file target-v3.cif (mmCIF, C-alpha atoms)
data_model
loop_
_atom_site.group_PDB
_atom_site.id
_atom_site.type_symbol
_atom_site.label_atom_id
_atom_site.label_comp_id
_atom_site.auth_asym_id
_atom_site.auth_seq_id
_atom_site.Cartn_x
_atom_site.Cartn_y
_atom_site.Cartn_z
ATOM 1 C CA MET A 194 219.118 -25.693 106.468
ATOM 2 C CA LYS A 195 218.627 -25.821 102.695
ATOM 3 C CA TYR A 196 215.569 -23.586 103.031
ATOM 4 C CA ILE A 197 217.509 -21.044 105.047
ATOM 5 C CA ILE A 198 220.262 -20.886 102.433
ATOM 6 C CA ALA A 199 217.617 -20.475 99.687
ATOM 7 C CA LEU A 200 216.008 -17.664 101.714
ATOM 8 C CA PHE A 201 219.419 -16.012 102.075
ATOM 9 C CA LEU A 202 220.054 -16.111 98.308
ATOM 10 C CA LEU A 203 216.550 -14.893 97.411
ATOM 11 C CA THR A 204 216.898 -11.994 99.840
ATOM 12 C CA LEU A 205 220.192 -11.024 98.253
ATOM 13 C CA VAL A 206 218.712 -11.096 94.724
ATOM 14 C CA PHE A 207 215.541 -9.145 95.559
ATOM 15 C CA ALA A 208 217.302 -6.560 97.702
ATOM 16 C CA CYS A 209 219.637 -5.734 94.814
ATOM 17 C CA ASN A 210 216.857 -5.704 92.210
ATOM 18 C CA GLU A 211 214.925 -3.142 94.221
ATOM 19 C CA GLY A 212 218.002 -0.959 94.437
ATOM 20 C CA SER A 213 218.645 -1.036 90.693
ATOM 21 C CA ASN A 214 215.242 0.594 89.986
ATOM 22 C CA ASN A 215 216.503 3.631 91.785
ATOM 23 C CA GLN A 216 218.901 4.901 89.092
ATOM 24 C CA LYS A 217 221.715 7.124 90.268
ATOM 25 C CA ALA A 218 221.527 10.686 88.963
ATOM 26 C CA ASP A 219 224.253 11.532 86.466
ATOM 27 C CA MET A 220 224.787 15.145 87.498
ATOM 28 C CA TYR A 221 227.173 17.624 85.893
ATOM 29 C CA ASN A 222 230.436 18.251 87.703
ATOM 30 C CA ALA A 223 231.561 21.764 86.878
ATOM 31 C CA SER A 224 234.696 21.931 84.735
ATOM 32 C CA GLU A 225 237.588 24.187 85.697
ATOM 33 C CA LEU A 226 236.328 26.751 83.160
ATOM 34 C CA ALA A 227 232.717 26.558 84.385
ATOM 35 C CA SER A 228 233.881 27.101 87.982
ATOM 36 C CA LEU A 229 236.003 30.036 86.866
ATOM 37 C CA MET A 230 233.031 31.566 85.061
ATOM 38 C CA ARG A 231 230.932 31.273 88.217
ATOM 39 C CA ASP A 232 233.688 33.245 89.962
ATOM 40 C CA MET A 233 233.536 35.784 87.111
ATOM 41 C CA VAL A 234 229.799 36.261 87.762
ATOM 42 C CA THR A 235 230.405 36.636 91.512
ATOM 43 C CA PHE A 236 233.104 39.224 90.814
ATOM 44 C CA SER A 237 230.911 41.102 88.324
ATOM 45 C CA ASP A 238 227.981 41.115 90.762
ATOM 46 C CA SER A 239 230.041 42.680 93.521
ATOM 47 C CA ALA A 240 231.842 45.046 91.119
ATOM 48 C CA ARG A 241 228.463 46.228 89.844
ATOM 49 C CA VAL A 242 227.237 46.934 93.387
ATOM 50 C CA SER A 243 230.436 48.887 94.121
ATOM 51 C CA LEU A 244 230.234 51.001 90.978
ATOM 52 C CA LEU A 245 226.511 51.715 91.410
ATOM 53 C CA SER A 246 227.156 52.944 94.940
ATOM 54 C CA GLY A 247 229.924 55.251 93.721
ATOM 55 C CA LYS A 248 232.781 53.089 94.991
ATOM 56 C CA SER A 249 235.773 51.738 93.092
ATOM 57 C CA ILE A 250 236.488 48.133 92.274
ATOM 58 C CA GLU A 251 239.282 47.466 94.737
ATOM 59 C CA SER A 252 240.697 44.202 93.456
ATOM 60 C CA ILE A 253 240.312 41.509 90.814
ATOM 61 C CA PRO A 254 240.366 37.867 91.947
ATOM 62 C CA GLU A 255 243.678 36.378 90.843
ATOM 63 C CA ASN A 256 242.117 33.263 89.272
ATOM 64 C CA LEU A 257 240.206 35.309 86.647
ATOM 65 C CA TRP A 258 243.477 35.892 84.822
ATOM 66 C CA GLY A 259 243.574 32.139 84.096
ATOM 67 C CA LEU A 260 240.669 32.319 81.646
ATOM 68 C CA LYS A 261 242.753 31.189 78.670
ATOM 69 C CA THR A 262 243.991 27.987 80.259
ATOM 70 C CA ALA A 263 241.084 26.746 82.416
ATOM 71 C CA LYS A 264 239.860 23.411 81.038
ATOM 72 C CA GLY A 265 236.381 23.575 79.517
ATOM 73 C CA THR A 266 233.612 20.965 79.559
ATOM 74 C CA ARG A 267 234.236 20.257 75.867
ATOM 75 C CA ASP A 268 237.866 21.409 75.816
ATOM 76 C CA GLU A 269 236.759 24.772 74.428
ATOM 77 C CA HIS A 270 239.970 26.269 75.851
ATOM 78 C CA GLU A 271 241.887 24.472 73.081
ATOM 79 C CA GLU A 272 239.999 26.226 70.265
ATOM 80 C CA ASP A 273 241.367 29.313 68.470
ATOM 81 C CA LEU A 274 237.915 30.932 68.462
ATOM 82 C CA PHE A 275 237.617 30.586 72.235
ATOM 83 C CA GLN A 276 241.137 31.941 72.731
ATOM 84 C CA SER A 277 240.375 35.008 70.588
ATOM 85 C CA LEU A 278 237.131 35.635 72.472
ATOM 86 C CA THR A 279 238.935 35.696 75.828
ATOM 87 C CA ASP A 280 241.106 38.678 74.780
ATOM 88 C CA PRO A 281 238.385 41.357 75.110
ATOM 89 C CA TYR A 282 237.582 40.126 78.634
ATOM 90 C CA LEU A 283 241.198 40.089 79.781
ATOM 91 C CA ASN A 284 241.791 43.522 78.218
ATOM 92 C CA ALA A 285 238.734 44.832 80.087
ATOM 93 C CA LEU A 286 240.159 43.411 83.347
ATOM 94 C CA LYS A 287 243.414 45.266 82.655
ATOM 95 C CA GLY A 288 241.369 48.454 82.180
ATOM 96 C CA ILE A 289 239.565 47.881 85.492
ATOM 97 C CA GLU A 290 242.913 47.265 87.173
ATOM 98 C CA ARG A 291 244.330 50.554 85.838
ATOM 99 C CA GLY A 292 241.401 52.205 87.563
ATOM 100 C CA ASP A 293 240.902 55.287 85.378
ATOM 101 C CA SER A 294 237.535 54.359 83.791
ATOM 102 C CA GLN A 295 236.261 51.413 85.738
ATOM 103 C CA MET A 296 232.602 51.791 84.727
ATOM 104 C CA TYR A 297 233.586 51.732 81.043
ATOM 105 C CA TYR A 298 235.857 48.712 81.403
ATOM 106 C CA TYR A 299 233.356 46.922 83.634
ATOM 107 C CA ASN A 300 230.761 47.210 80.866
ATOM 108 C CA LYS A 301 233.397 46.091 78.354
ATOM 109 C CA SER A 302 234.009 42.964 80.455
ATOM 110 C CA ILE A 303 230.301 42.099 80.367
ATOM 111 C CA GLU A 304 230.194 42.812 76.628
ATOM 112 C CA ALA A 305 233.063 40.329 76.228
ATOM 113 C CA CYS A 306 231.109 37.680 78.161
ATOM 114 C CA VAL A 307 228.098 38.215 75.889
ATOM 115 C CA GLY A 308 230.320 38.003 72.796
ATOM 116 C CA CYS A 309 231.762 34.673 73.907
ATOM 117 C CA HIS A 310 228.440 33.152 74.999
ATOM 118 C CA ASN A 311 226.917 34.103 71.659
ATOM 119 C CA ASN A 312 229.364 31.560 70.268
ATOM 120 C CA TYR A 313 229.637 29.075 73.122
ATOM 121 C CA CYS A 314 226.906 27.883 75.489
ATOM 122 C CA GLY A 315 224.158 30.521 75.356
ATOM 123 C CA GLY A 316 222.476 29.366 78.577
ATOM 124 C CA PRO A 317 224.291 31.771 80.921
ATOM 125 C CA LEU A 318 223.280 34.810 78.808
ATOM 126 C CA VAL A 319 220.106 35.060 80.878
ATOM 127 C CA VAL A 320 222.333 35.872 83.877
ATOM 128 C CA ILE A 321 224.979 37.911 82.009
ATOM 129 C CA ASN A 322 222.387 40.169 80.363
ATOM 130 C CA LYS A 323 221.401 41.453 83.821
ATOM 131 C CA LEU A 324 224.941 42.642 84.567
ATOM 132 C CA PRO A 325 225.631 45.699 82.347
ATOM 133 C CA ILE A 326 225.345 49.104 83.991
ATOM 134 C CA ARG A 327 223.170 51.082 81.625
ATOM 135 C CA GLY A 328 222.431 54.777 81.357
ATOM 136 C CA THR A 329 225.825 55.943 82.558
ATOM 137 C CA ASN A 330 228.455 58.114 80.934
ATOM 138 C CA ASP A 331 230.680 55.050 81.033
ATOM 139 C CA GLN A 332 233.107 56.686 83.419
ATOM 140 C CA MET B 128 223.576 -21.719 114.264
ATOM 141 C CA LYS B 129 220.086 -20.591 113.271
ATOM 142 C CA ASN B 130 220.604 -17.256 115.004
ATOM 143 C CA ILE B 131 223.814 -16.691 113.069
ATOM 144 C CA ILE B 132 222.031 -17.402 109.766
ATOM 145 C CA ILE B 133 219.155 -15.052 110.662
ATOM 146 C CA ILE B 134 221.654 -12.296 111.448
ATOM 147 C CA ALA B 135 223.421 -12.987 108.127
ATOM 148 C CA VAL B 136 220.100 -12.673 106.222
ATOM 149 C CA LEU B 137 219.206 -9.407 107.940
ATOM 150 C CA SER B 138 222.692 -8.025 107.348
ATOM 151 C CA THR B 139 222.367 -8.919 103.669
ATOM 152 C CA VAL B 140 219.063 -7.002 103.416
ATOM 153 C CA ILE B 141 220.599 -3.939 105.000
ATOM 154 C CA PHE B 142 224.044 -3.898 103.436
ATOM 155 C CA SER B 143 223.907 -5.920 100.217
ATOM 156 C CA CYS B 144 222.977 -2.947 98.057
ATOM 157 C CA GLY B 145 224.800 -0.326 100.017
ATOM 158 C CA ASN B 146 226.198 1.159 96.805
ATOM 159 C CA SER B 147 222.777 1.658 95.148
ATOM 160 C CA ALA B 148 221.461 5.191 94.613
ATOM 161 C CA THR B 149 220.240 6.842 97.764
ATOM 162 C CA GLU B 150 217.257 9.186 97.814
ATOM 163 C CA GLU B 151 219.656 12.154 97.599
ATOM 164 C CA THR B 152 221.490 10.878 94.531
ATOM 165 C CA ALA B 153 218.620 9.251 92.599
ATOM 166 C CA VAL B 154 217.334 10.744 89.339
ATOM 167 C CA GLU B 155 213.943 11.147 90.990
ATOM 168 C CA GLY B 156 213.986 14.333 92.980
ATOM 169 C CA ARG B 157 213.356 18.037 93.133
ATOM 170 C CA TYR B 158 215.509 20.503 91.192
ATOM 171 C CA GLY B 159 215.309 24.275 91.487
ATOM 172 C CA ASP B 160 212.395 25.990 93.230
ATOM 173 C CA THR B 161 209.664 23.410 93.861
ATOM 174 C CA THR B 162 207.706 25.237 96.549
ATOM 175 C CA TRP B 163 204.658 25.398 94.238
ATOM 176 C CA VAL B 164 201.684 23.022 94.308
ATOM 177 C CA ALA B 165 202.022 20.185 91.814
ATOM 178 C CA ASN B 166 198.525 18.719 91.979
ATOM 179 C CA ASN B 167 196.840 21.143 89.567
ATOM 180 C CA SER B 168 199.060 20.329 86.630
ATOM 181 C CA ILE B 169 198.041 20.272 82.980
ATOM 182 C CA THR B 170 199.420 18.076 80.199
ATOM 183 C CA THR B 171 201.807 19.364 77.537
ATOM 184 C CA ALA B 172 198.948 19.022 75.010
ATOM 185 C CA ASN B 173 196.744 21.225 77.236
ATOM 186 C CA LEU B 174 199.628 23.681 77.387
ATOM 187 C CA VAL B 175 199.750 23.959 73.597
ATOM 188 C CA ASP B 176 195.986 24.674 73.566
ATOM 189 C CA SER B 177 196.362 27.261 76.364
ATOM 190 C CA LEU B 178 199.087 29.070 74.450
ATOM 191 C CA ALA B 179 197.002 29.531 71.285
ATOM 192 C CA GLY B 180 196.635 33.247 70.562
ATOM 193 C CA LYS B 181 198.817 34.284 73.533
ATOM 194 C CA ASP B 182 202.432 35.400 73.923
ATOM 195 C CA SER B 183 203.041 33.266 76.980
ATOM 196 C CA VAL B 184 201.321 31.133 79.596
ATOM 197 C CA PHE B 185 202.302 30.473 83.222
ATOM 198 C CA ALA B 186 201.443 26.908 84.208
ATOM 199 C CA VAL B 187 202.249 23.750 86.120
ATOM 200 C CA VAL B 188 202.827 21.117 83.456
ATOM 201 C CA LYS B 189 203.272 17.359 83.689
ATOM 202 C CA GLY B 190 204.816 15.113 81.031
ATOM 203 C CA GLU B 191 207.767 12.929 80.210
ATOM 204 C CA ILE B 192 211.362 13.957 79.627
ATOM 205 C CA LYS B 193 212.290 13.102 76.043
ATOM 206 C CA ALA B 194 215.955 14.120 76.189
ATOM 207 C CA ALA B 195 218.323 15.979 78.470
ATOM 208 C CA CYS B 196 221.453 17.973 77.671
ATOM 209 C CA GLN B 197 224.331 15.487 77.651
ATOM 210 C CA ALA B 198 226.986 18.104 78.393
ATOM 211 C CA LYS B 199 225.597 19.568 81.625
ATOM 212 C CA GLY B 200 221.895 18.765 82.068
ATOM 213 C CA CYS B 201 221.172 22.463 81.473
ATOM 214 C CA TRP B 202 218.056 21.836 79.364
ATOM 215 C CA MET B 203 215.628 19.059 78.607
ATOM 216 C CA SER B 204 213.058 18.429 75.912
ATOM 217 C CA MET B 205 209.501 17.119 76.033
ATOM 218 C CA ASP B 206 206.887 16.153 73.514
ATOM 219 C CA ALA B 207 203.961 18.598 73.361
ATOM 220 C CA ALA B 208 201.161 17.503 71.040
ATOM 221 C CA GLY B 209 203.651 16.189 68.509
ATOM 222 C CA GLN B 210 206.086 19.084 68.670
ATOM 223 C CA ASP B 211 209.370 19.229 70.512
ATOM 224 C CA MET B 212 209.330 21.624 73.483
ATOM 225 C CA ILE B 213 212.662 22.847 74.839
ATOM 226 C CA VAL B 214 212.752 23.395 78.611
ATOM 227 C CA LYS B 215 215.344 25.707 80.132
ATOM 228 C CA PHE B 216 215.828 26.459 83.803
ATOM 229 C CA LYS B 217 215.238 29.859 85.399
ATOM 230 C CA ASP B 218 218.353 32.028 85.544
ATOM 231 C CA TYR B 219 220.472 29.024 84.549
ATOM 232 C CA GLY B 220 220.115 28.314 88.248
ATOM 233 C CA PHE B 221 219.930 24.528 88.333
ATOM 234 C CA PHE B 222 220.564 21.474 86.159
ATOM 235 C CA VAL B 223 218.820 18.101 85.894
ATOM 236 C CA PRO B 224 220.473 14.666 85.711
ATOM 237 C CA MET B 225 221.890 13.942 82.255
ATOM 238 C CA ASN B 226 220.261 10.485 82.442
ATOM 239 C CA SER B 227 216.734 11.771 83.160
ATOM 240 C CA ALA B 228 215.235 10.929 79.717
ATOM 241 C CA GLY B 229 212.141 8.730 80.052
ATOM 242 C CA TYR B 230 211.236 9.931 83.539
ATOM 243 C CA ALA B 231 207.949 11.651 84.411
ATOM 244 C CA VAL B 232 208.316 15.313 85.268
ATOM 245 C CA THR B 233 206.161 18.089 86.709
ATOM 246 C CA MET B 234 207.337 21.668 86.388
ATOM 247 C CA GLN B 235 206.139 25.217 86.918
ATOM 248 C CA GLY B 236 207.064 28.131 84.721
ATOM 249 C CA TRP B 237 206.413 30.162 81.609
ATOM 250 C CA ALA B 238 205.675 28.686 78.211
ATOM 251 C CA TYR B 239 206.223 30.798 75.096
ATOM 252 C CA VAL B 240 207.196 30.534 71.476
ATOM 253 C CA ASP B 241 210.804 31.484 70.786
ATOM 254 C CA THR B 242 212.915 31.835 67.661
ATOM 255 C CA LEU B 243 216.132 29.865 68.049
ATOM 256 C CA SER B 244 219.135 31.110 66.104
ATOM 257 C CA VAL B 245 221.247 28.716 64.056
ATOM 258 C CA ALA B 246 224.041 28.948 66.679
ATOM 259 C CA THR B 247 221.629 28.106 69.502
ATOM 260 C CA GLN B 248 220.161 25.144 67.640
ATOM 261 C CA GLN B 249 223.652 23.879 66.863
ATOM 262 C CA GLU B 250 224.579 24.208 70.536
ATOM 263 C CA TYR B 251 221.540 22.131 71.522
ATOM 264 C CA ALA B 252 222.415 19.583 68.845
ATOM 265 C CA LYS B 253 225.971 19.299 70.234
ATOM 266 C CA ASP B 254 224.553 18.941 73.764
ATOM 267 C CA ALA B 255 222.317 16.136 72.491
ATOM 268 C CA GLU B 256 225.370 14.436 70.951
ATOM 269 C CA LYS B 257 224.074 14.707 67.364
ATOM 270 C CA SER B 258 226.455 13.860 64.528
ATOM 271 C CA GLU B 259 228.598 16.450 62.702
ATOM 272 C CA GLU B 260 226.337 16.019 59.649
ATOM 273 C CA GLU B 261 223.179 16.678 61.653
ATOM 274 C CA ILE B 262 224.728 19.778 63.217
ATOM 275 C CA ALA B 263 225.930 21.091 59.846
ATOM 276 C CA ALA B 264 222.426 20.584 58.419
ATOM 277 C CA ILE B 265 221.077 23.286 60.739
ATOM 278 C CA THR B 266 221.107 26.414 58.595
ATOM 279 C CA GLU B 267 217.884 28.291 59.369
ATOM 280 C CA PRO B 268 216.495 29.923 62.522
ATOM 281 C CA LYS B 269 213.607 27.904 63.930
ATOM 282 C CA VAL B 270 210.444 28.878 65.794
ATOM 283 C CA LYS B 271 210.105 26.546 68.745
ATOM 284 C CA LEU B 272 207.835 25.983 71.730
ATOM 285 C CA SER B 273 209.880 26.846 74.810
ATOM 286 C CA PHE B 274 209.447 26.662 78.561
ATOM 287 C CA THR B 275 211.427 28.303 81.361
ATOM 288 C CA ALA B 276 210.937 26.287 84.537
ATOM 289 C CA ASP B 277 211.274 27.684 88.072
ATOM 290 C CA GLY B 278 211.803 24.129 89.256
ATOM 291 C CA VAL B 279 211.096 20.545 88.243
ATOM 292 C CA ILE B 280 210.015 17.434 90.105
ATOM 293 C CA ILE B 281 211.256 14.213 88.501
ATOM 294 C CA GLU B 282 209.409 11.010 89.429
#
call {"tool": "encode", "arguments": {"input": "target-v3.cif", "output": "structure tokens"}}
result
Amino acid sequence: MKYIIALFLLTLVFACNEGSNNQKADMYNASELASLMRDMVTFSDSARVSLLSGKSIESIPENLWGLKTAKGTRDEHEEDLFQSLTDPYLNALKGIERGDSQMYYYNKSIEACVGCHNNYCGGPLVVINKLPIRGTNDQ
Amino acid sequence: MKNIIIIAVLSTVIFSCGNSATEETAVEGRYGDTTWVANNSITTANLVDSLAGKDSVFAVVKGEIKAACQAKGCWMSMDAAGQDMIVKFKDYGFFVPMNSAGYAVTMQGWAYVDTLSVATQQEYAKDAEKSEEEIAAITEPKVKLSFTADGVIIE
């Protein structure tokens, strides 16, 4: 009986030791701001396709207007610099919404993204730099 | 009685560490595009030699992760013949675990020499949780060995 109890305890110890070698991955969970920016890229991608095929941008996802308040990974949304850098993007969205020069304001929105990512988190620039529509008359 | 104890032992083996990392959540794993063949890899030191006199080199490279971005896991660094090589991920398309430092890694992609601006270096320093003083001490652009990986295999 004693041997069986010892076997039980040893099994418990070794089973857990083996598991602890297999460290759990500490993966990034997207912040509210990071999720919003992914939506911005999705919107820009589809807006770009529309404009390049001669169509208008029909609508702007409602959540994009929340750029100033979405919580960032490092609480960037609380910084004055971040707040000032969101203005050009939101102004560009207003221009797109008015609908008179969507190509121009679309490019302005991408320019605003570049301006912000030159100051915060440059990683996404590799994606953003593919988004401008070049060689147009900006109309 | 014996049967009950045997069942208890087996149950312990199966369930005792039920909250340990599973294969899906472990640091070891594949991130990004890993459809390439990993068995013809070169070392980071070989990579430095291969890059001599060239703008860039496409290679499968094996080494050890020295540090990973502590904000998102959006970059990692490796030692390459005594110099620090920064590894970014293609199209910002995937991240690695933030606790992957010290693990072996094999990756495919392009190696090149890049000039990092002061702002970029400071961003990396923040990601690596360097002190305010260390971040403020970055005042000059720096030429640095860089790698853009299509995918990485962490072992």
call {"tool": "closest_residue", "arguments": {"input": "target-v3.cif", "among": "B:Lys199, B:Lys269, B:Lys257, B:Lys217", "to": "chain A", "atoms": "only C-alpha atoms"}}
result
B:Lys199
call {"tool": "closest_residue", "arguments": {"input": "target-v3.cif", "among": "B:Val232, B:Leu243, B:Val164, B:Val187", "to": "chain A", "atoms": "all atoms listed in the file"}}
result
B:Leu243
call {"tool": "resolve_selection", "arguments": {"input": "target-v3.cif", "expression": "the PyMOL selection byres ((chain B and resi 218-221) around 12)", "output": "VMD selection string"}}
result
(chain A and resid 220 to 221 231 314 to 323) or (chain B and resid 157 to 161 199 to 203 214 to 217 222 to 224 236 275 to 279)
call {"tool": "resolve_selection", "arguments": {"input": "target-v3.cif", "expression": "the PyMOL selection byres ((chain A and resi 308) around 12)", "output": "list in words"}}
result
Leu274, Phe275, Ser277, Leu278, Thr279, Asp280, Pro281, Tyr282, Lys301, Ser302, Ile303, Glu304, Ala305, Cys306, Val307, Cys309, His310, Asn311, Asn312, Tyr313, Cys314, Gly315, Pro317, Leu318, Ile321 and Asn322 of chain A
call {"tool": "resolve_selection", "arguments": {"input": "target-v3.cif", "expression": "the PyMOL selection byres ((chain A and resi 255) around 12)", "output": "ChimeraX atom specification"}}
result
/A:229,232-233,236,252-254,256-260,283,286,290
call {"tool": "residues_around", "arguments": {"input": "target-v3.cif", "residues": "Glu256 (chain B)", "least_positions_apart": "2", "cutoff": "9 Å", "atoms": "all atoms listed in the file", "output": "compact mmCIF listing (two decimals) with C-alpha atoms, keeping the file's coordinate frame"}}
result
# COMPACT_ATOMS: atom_id res chain seq x y z
CA CYS B 196 221.45 17.97 77.67
CA GLN B 197 224.33 15.49 77.65
CA ALA B 198 226.99 18.10 78.39
CA TYR B 251 221.54 22.13 71.52
CA ALA B 252 222.42 19.58 68.84
CA LYS B 253 225.97 19.30 70.23
CA ASP B 254 224.55 18.94 73.76
CA SER B 258 226.46 13.86 64.53
call {"tool": "residues_around", "arguments": {"input": "target-v3.cif", "residues": "Asn167 (chain B)", "least_positions_apart": "2", "cutoff": "10 Å", "atoms": "only C-alpha atoms", "output": "PDB file with C-alpha atoms, in the coordinates of the input"}}
result
ATOM      1  CA  VAL B 164     201.684  23.022  94.308  1.00  0.00           C
ATOM      2  CA  ALA B 165     202.022  20.185  91.814  1.00  0.00           C
ATOM      3  CA  ILE B 169     198.041  20.272  82.980  1.00  0.00           C
ATOM      4  CA  ALA B 186     201.443  26.908  84.208  1.00  0.00           C
ATOM      5  CA  VAL B 187     202.249  23.750  86.120  1.00  0.00           C
ATOM      6  CA  VAL B 188     202.827  21.117  83.456  1.00  0.00           C
ATOM      7  CA  LYS B 189     203.272  17.359  83.689  1.00  0.00           C
TER       8      LYS B 189
END
call {"tool": "residues_around", "arguments": {"input": "target-v3.cif", "residues": "Ala264 (chain B)", "least_positions_apart": "2", "cutoff": "12 Å", "atoms": "only C-alpha atoms", "output": "list of chain:residue names"}}
result
B:Val245, B:Ala246, B:Gln248, B:Gln249, B:Ala252, B:Lys257, B:Ser258, B:Glu259, B:Glu260, B:Glu261, B:Ile262, B:Thr266, B:Glu267, B:Pro268
call {"tool": "atom_distance", "arguments": {"input": "target-v3.cif", "atom1": "CA of Phe185 (chain B)", "atom2": "CA of Thr170 (chain B)"}}
result
13.1 Å
call {"tool": "atom_distance", "arguments": {"input": "target-v3.cif", "atom1": "CA of Ala208 (chain B)", "atom2": "CA of Phe274 (chain B)"}}
result
14.5 Å
call {"tool": "closest_residue", "arguments": {"input": "target-v3.cif", "among": "A:Gln276, A:Ser249, A:Ser294, A:Thr266", "to": "chain B", "atoms": "only C-alpha atoms"}}
result
A:Thr266
call {"tool": "atom_distance", "arguments": {"input": "target-v3.cif", "atom1": "CA of Ile192 (chain B)", "atom2": "CA of Ser228 (chain A)"}}
result
27.4 Å
call {"tool": "closest_residue", "arguments": {"input": "target-v3.cif", "among": "B:Leu272, B:Tyr239, B:Gly229, B:Gly180", "to": "chain A", "atoms": "all atoms listed in the file"}}
result
B:Gly229
call {"tool": "closest_residue", "arguments": {"input": "target-v3.cif", "among": "A:Gly265, A:Gly247, A:Gly288, A:Gly328", "to": "chain B", "atoms": "all atoms listed in the file"}}
result
A:Gly265
call {"tool": "closest_residue", "arguments": {"input": "target-v3.cif", "among": "A:Leu245, A:Ile326, A:Ala223, A:Met296", "to": "chain B", "atoms": "only C-alpha atoms"}}
result
A:Ala223
call {"tool": "axis_aligned_box", "arguments": {"input": "target-v3.cif", "around": "region 234-247 of chain A", "padding_each_side": "6 Å", "output": "AutoDock Vina command-line options"}}
result
--center_x 229.8 --center_y 45.8 --center_z 91.4 --size_x 18.6 --size_y 31.0 --size_z 19.2
call {"tool": "residues_around", "arguments": {"input": "target-v3.cif", "residues": "Leu178 (chain B)", "least_positions_apart": "6", "cutoff": "9 Å", "atoms": "all atoms listed in the file", "output": "number ranges by chain"}}
result
B: 184, 238-240
